[in-house]
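A short write-up of the structure that comes next.
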Amino acid sequence: MKSGKKKLIRKILLGCVGVGIFLGVWQLLMSMGVISERTMSTPGQVLETFIYKLRSADPDGATLQEHFLSSFKLAMIGFITAMVIGIPMGLVMGYFKAARLLLNPMFEVIRPIPPIAWIPIVILFLGIGMPAKVFIVFVAAFVPCVINSYTGVKLTNPVYINVAKTMGAGHFRIFTKICIPSAIPMVFTGIRLSLGASWSTLVAAEMLASTNGLGYMIQMGRTIIRPDIIVVGMLVIGCTGALLSFVLGRIERHIAPWRK
Amino acid sequence: MKKRLICALTCLSMLILTACGGSGSAENSLVIGNQPYTQGIPIYIAEEEGLYEGFSTESLMFVSGNTQNEALGADEWEVGVTGLPPAIFGGVSYGLKIIGFSVDDTVSPRFYVRPDSDILTVQGAVEGCPDIYGDADTWRGKQILCPTATSSHLMLAVVLEKLGLSESDVEIVHMDPSQALTAFKAGEGDVLACWPPIAYGVDEDWVLAASGVATGEQIPIVVVASEKALSEKRDTVKAWLKQYYQHCEEMKDDTDKLSETLETMEIDNGLTVSAEETRMIVEERPLPTFAEQAELFTGEPGQTKADEIVMKYVDIFVQEGRISESDKEKLISEGFIDNSLITELMEEQ
Amino acid sequence: MENRTKISISHVSKSFEDKKQVRHQVLDDINIEVKENEFLVLLGAGKSGKSVLLDIITGLDTDYEGKVEFSDGSRSTKDIGIVFQKYALFPWKTVMENVEMNQKFRGMGKQERKEKAEKYLKLVGLSGFENHYPNQISGGMKQRVAIARAFAGESDIMVMDEPFGALDAQTRYQMEEELLKIWEEAKRTVIFVTNNIEEAVYLGDRILLLGGSPSTIAKEYVPDMERPRKYTHPDFLELRNRIAGDFELVL
């Protein structure tokens, strides 16, 4: 399709132009001295440091890949655990009153607590290794999973439920065959939010204790006054987040083609 | 109408300019970057009791060296006291200069192990350091809870060096110090790095496997001044430096006053500490004297005792890759350790 | 035409309590004898309780006074084919899967299900659209799938709740024609609900006017015309106008 391809090219082009303008302004402000080179790095320096970090463990103790893998592992385990526990929990709470009455009070109390606040307790019960940090990520990531799955089921069109009843479906079948498929678009929204939360909470999780990781790298960058390291860390986190979101969108389109 | 408008605007802008001009830029004023620890007590009291003569001051309190450096980057303070690691990073990135030493911080870094640690099976392996337990084999592979790029971390590097190990032989876990204490109590980690007052919370049966004192080396808190302040108002900086040591000597023995002031300072800045703890702290960490500075800073620039002490730690940072070799050269060539003020004050006496 | 009663609805009344615990009566003493294989139209304006009555007849609502009896014993909801307003197709299933749904729930075998579904899709003229998703087909097509789905259940009673209400006039005329064609081919008892007088006259063997507050069966009409009926025929117009007049009165 010619027009489809044209649209895609236009999309990519505009995106690149946008990024280009941003970089250009950044560089300009620094060249003009509006932003001092003492406190910030130019795009060029950031690129240089990025490439340098791919090869070298200086000055923060590990290469960029090592930091990235460590953080990625942490975020992904937290994220997947959140989905595995949060989604079924939300779905069940949405349909079965007993489940909701049982779990909701606890959930509502846990929900507003910021992940960082968990750190002292988590250290006592889970130590300072991976499980502890994964828990922090989990706490942030499972809330959107639960809420969105719950809402998805609650918003099931009652007409669909009636249709199922007219076909002789009992409670359990209505739940599995009607409510759950109907909730899928909202579940995916929850997953998307959860992914974002996992990825942005990993910096807080690494504050618990770390020997490497992108959050750790940024903290180090701050202590030794290397704004270029800080920016590299931020950019890697940002770009990875965007990429993961994109991949998730593709997966969703494949699993739920009926979603507009 | 127009005339009046212009007049009003001019008056307004003049007002704004003078207000902005304020304490930061006038010759006879200084902004001090202070810390709510022992080294900051004389500054705090001087401000409270109006003891400074010949210039006006304004002070900002910084609980962490990181924030203090960020403020330095924004030119928000001109002289102050800080730990050696932030001073070194400030020196590399912002041209900060060390103009004197303050409190001797060597007593602070402490490394504890639990009574069943195998490190305790060996003693005296390090020549001349009888209070360092363990040897290369027992320390190798240990998990050490220690915030990175701090004075404790530097001391740890010294300990490891004495044991014949490098950082890559151990696992250093970067943690918030009070959380590290809690974690160590919960059984995490093999070695805990901490300092007072956190160190006063250690379990009775833990053993001090190494410490700053045990290494026989010295690590100071330093008095610093920004490049800008030194070039634009050198005399004022010098006057402040002189009075800082004067105040230190005057208050040195008044343990009650020091300890109460420290308690107030810490609590006002959100740190939890008790009266007994501040008392122990001021007793352990006496204020500096000018005579000490005279000894440390005599000699050719770059070849004083102070240079020797500081550069040792600069070298450790270079070794760890935190700063580069060229950063070190820059520090040396730009006179990171500036003994000129102390030298002049000595001559004026 | 068969004269046996298929469904006997006697003295059905329904009321409900609102938030302020005030009782509102919706239906009052409804009595209908639905004949086997007749095309019965329930005509009424918007809030005349038509849907409420349907829910009672189909068993989706069990909280009412009176009796609904079926000639061949008791009947559960699943044995009545229902076409809802607004299609009610499951958006996550293809056209084929939607039509099969009925039998799937009853445990019919895969092959048999497929054949039945194809048969009814053909009947409504949608062969070739099996693998489309509901959001890929037009409103009229969606409603045809809904009809196919209801018919695929092969129940002998069909209930349709304003199935063409959301379609444009052109499509509606088409659908009315097609529905009659399907009904002629696969004869069943149909209860058809609408608020459109022309549609009622075009389709029904019998028309019951529902109105008043609370709703009752206000009037009964029997269009004495051969099918297919002509909208412009004088008899058609006469009946239509008569009903329109009564319609006004019961609003």
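By order of appearance in the structure tokens: chains A, B, ..., then residues from 1 within every chain, and ligands from 1 in the order shown.
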
Up to 6 Å from chain B, what residues of chain A turn up? Count only C-alpha atoms and give them as a list of chain:residue names.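 Applying the cut-off to the listed atoms yields A:Asp58, A:Pro59, A:Ile123, A:Leu124, A:Ala209, A:Ser210, A:Thr211, A:Thr223, A:Ile224.
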
From the DSSP assignment of the backbone, select every residue of stretch 35-85 of chain B that is alpha helix (DSSP H), and format the answer as a list in words.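 These are the residues in question: Ile41, Pro42, Ile43, Tyr44, Ile45, Ala46, Glu47, Glu48, Gly65, Asn66, Thr67, Gln68, Asn69, Glu70, Ala71, Leu72, Gly73, Leu84 and Pro85 of chain B.
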
Using only C-alpha atoms, determine which residues of chain A fall within 6 Å of chain C; present them as a ChimeraX atom specification. /A:166-168,258

Got time to write the residues from that selection, N, CA and C atoms, as a CSV table (one decimal), in the first residue's frame?
chain,number,residue,atom,x,y,z
A,166,THR,N,-28.5,-16.3,28.1
A,166,THR,CA,-29.5,-16.9,27.3
A,166,THR,C,-28.9,-18.1,26.6
A,167,MET,N,-27.6,-18.3,26.7
A,167,MET,CA,-27.0,-19.5,26.1
A,167,MET,C,-26.8,-20.6,27.1
A,168,GLY,N,-27.2,-20.3,28.3
A,168,GLY,CA,-27.1,-21.3,29.4
A,168,GLY,C,-25.8,-21.3,30.1
A,258,TRP,N,-9.2,-7.0,17.7
A,258,TRP,CA,-10.5,-6.4,17.6
A,258,TRP,C,-10.5,-5.0,18.3

Identify, on the basis of only C-alpha atoms, every residue whose closest approach to C:Ile57 does not exceed 8 Å; exclude the query and any residue fewer than 4 positions from it along the same chain; express the result as a list of chain:residue names.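 My reading of the contact set: C:Ile9, C:Leu53, C:Val68.
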
Using only C-alpha atoms, please write the residues we just selected to a file, as a compact mmCIF listing (two decimals), in the first residue's frame.
# COMPACT_ATOMS: atom_id res chain seq x y z
CA ILE C 9 -48.57 -14.94 29.91
CA LEU C 53 -41.71 -7.62 29.62
CA VAL C 68 -45.36 -17.24 32.25

Fewer than 4 positions away in the same chain doesn't count, so skip those; otherwise give me all residues within 8 Å of stretch 254-257 of chain A, counting only C-alpha atoms, as a CSV table (one decimal) with C-alpha atoms, in the first residue's frame.
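Wrote it out as part39.csv, contents follow:
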chain,number,residue,atom,x,y,z
A,184,ILE,CA,-8.7,-7.6,27.8
A,185,PRO,CA,-8.3,-4.0,26.4
A,250,ARG,CA,2.7,-4.7,18.9
C,92,TRP,CA,-13.3,-10.4,20.7

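The environment of B:Phe55 within 8 Å, counting only C-alpha atoms and disregarding residues fewer than 6 places along the same chain, consists of B:Asn28, B:Ser29, B:Leu30, B:Thr236.
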
Spatial neighbours of C:Tyr202, max dist 9 Å, only C-alpha atoms, sep filter under 3 positions, as a ChimeraX atom specification: /C:176-177,197-199,223,227-231,236

How would the residues just picked look written out with N, CA and C atoms as a PDB file, in the first residue's frame?
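Contents of part_5.pdb, freshly written:
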ATOM      1  N   GLU C 176     -36.076  -6.006   7.287  1.00  0.00           N
ATOM      2  CA  GLU C 176     -37.436  -6.497   7.565  1.00  0.00           C
ATOM      3  C   GLU C 176     -37.815  -7.555   6.532  1.00  0.00           C
ATOM      4  N   GLU C 177     -37.492  -7.247   5.279  1.00  0.00           N
ATOM      5  CA  GLU C 177     -37.776  -8.199   4.204  1.00  0.00           C
ATOM      6  C   GLU C 177     -37.041  -9.499   4.440  1.00  0.00           C
ATOM      7  N   ILE C 197     -44.305   2.022  13.981  1.00  0.00           N
ATOM      8  CA  ILE C 197     -45.637   1.533  13.580  1.00  0.00           C
ATOM      9  C   ILE C 197     -45.607   0.827  12.221  1.00  0.00           C
ATOM     10  N   GLU C 198     -44.878   1.438  11.256  1.00  0.00           N
ATOM     11  CA  GLU C 198     -44.808   0.840   9.922  1.00  0.00           C
ATOM     12  C   GLU C 198     -44.209  -0.550   9.969  1.00  0.00           C
ATOM     13  N   GLU C 199     -43.147  -0.667  10.765  1.00  0.00           N
ATOM     14  CA  GLU C 199     -42.465  -1.951  10.907  1.00  0.00           C
ATOM     15  C   GLU C 199     -43.428  -2.977  11.474  1.00  0.00           C
ATOM     16  N   PRO C 223     -53.459  -7.400  11.204  1.00  0.00           N
ATOM     17  CA  PRO C 223     -53.365  -6.924   9.817  1.00  0.00           C
ATOM     18  C   PRO C 223     -53.828  -8.032   8.874  1.00  0.00           C
ATOM     19  N   ARG C 227     -48.699 -11.437   2.647  1.00  0.00           N
ATOM     20  CA  ARG C 227     -47.312 -10.987   2.572  1.00  0.00           C
ATOM     21  C   ARG C 227     -46.767 -11.273   1.184  1.00  0.00           C
ATOM     22  N   PRO C 228     -45.841 -10.573   0.601  1.00  0.00           N
ATOM     23  CA  PRO C 228     -45.235  -9.362   1.169  1.00  0.00           C
ATOM     24  C   PRO C 228     -46.168  -8.159   1.082  1.00  0.00           C
ATOM     25  N   ARG C 229     -46.152  -7.374   2.201  1.00  0.00           N
ATOM     26  CA  ARG C 229     -47.109  -6.263   2.236  1.00  0.00           C
ATOM     27  C   ARG C 229     -46.493  -5.029   1.582  1.00  0.00           C
ATOM     28  N   LYS C 230     -47.372  -4.171   1.078  1.00  0.00           N
ATOM     29  CA  LYS C 230     -46.908  -2.951   0.429  1.00  0.00           C
ATOM     30  C   LYS C 230     -47.161  -1.768   1.338  1.00  0.00           C
ATOM     31  N   TYR C 231     -46.109  -0.992   1.586  1.00  0.00           N
ATOM     32  CA  TYR C 231     -46.239   0.168   2.487  1.00  0.00           C
ATOM     33  C   TYR C 231     -47.257   1.182   1.982  1.00  0.00           C
ATOM     34  N   PHE C 236     -52.893  -0.922   4.192  1.00  0.00           N
ATOM     35  CA  PHE C 236     -51.720  -0.710   5.057  1.00  0.00           C
ATOM     36  C   PHE C 236     -51.792   0.656   5.715  1.00  0.00           C
TER      37      PHE C 236
END
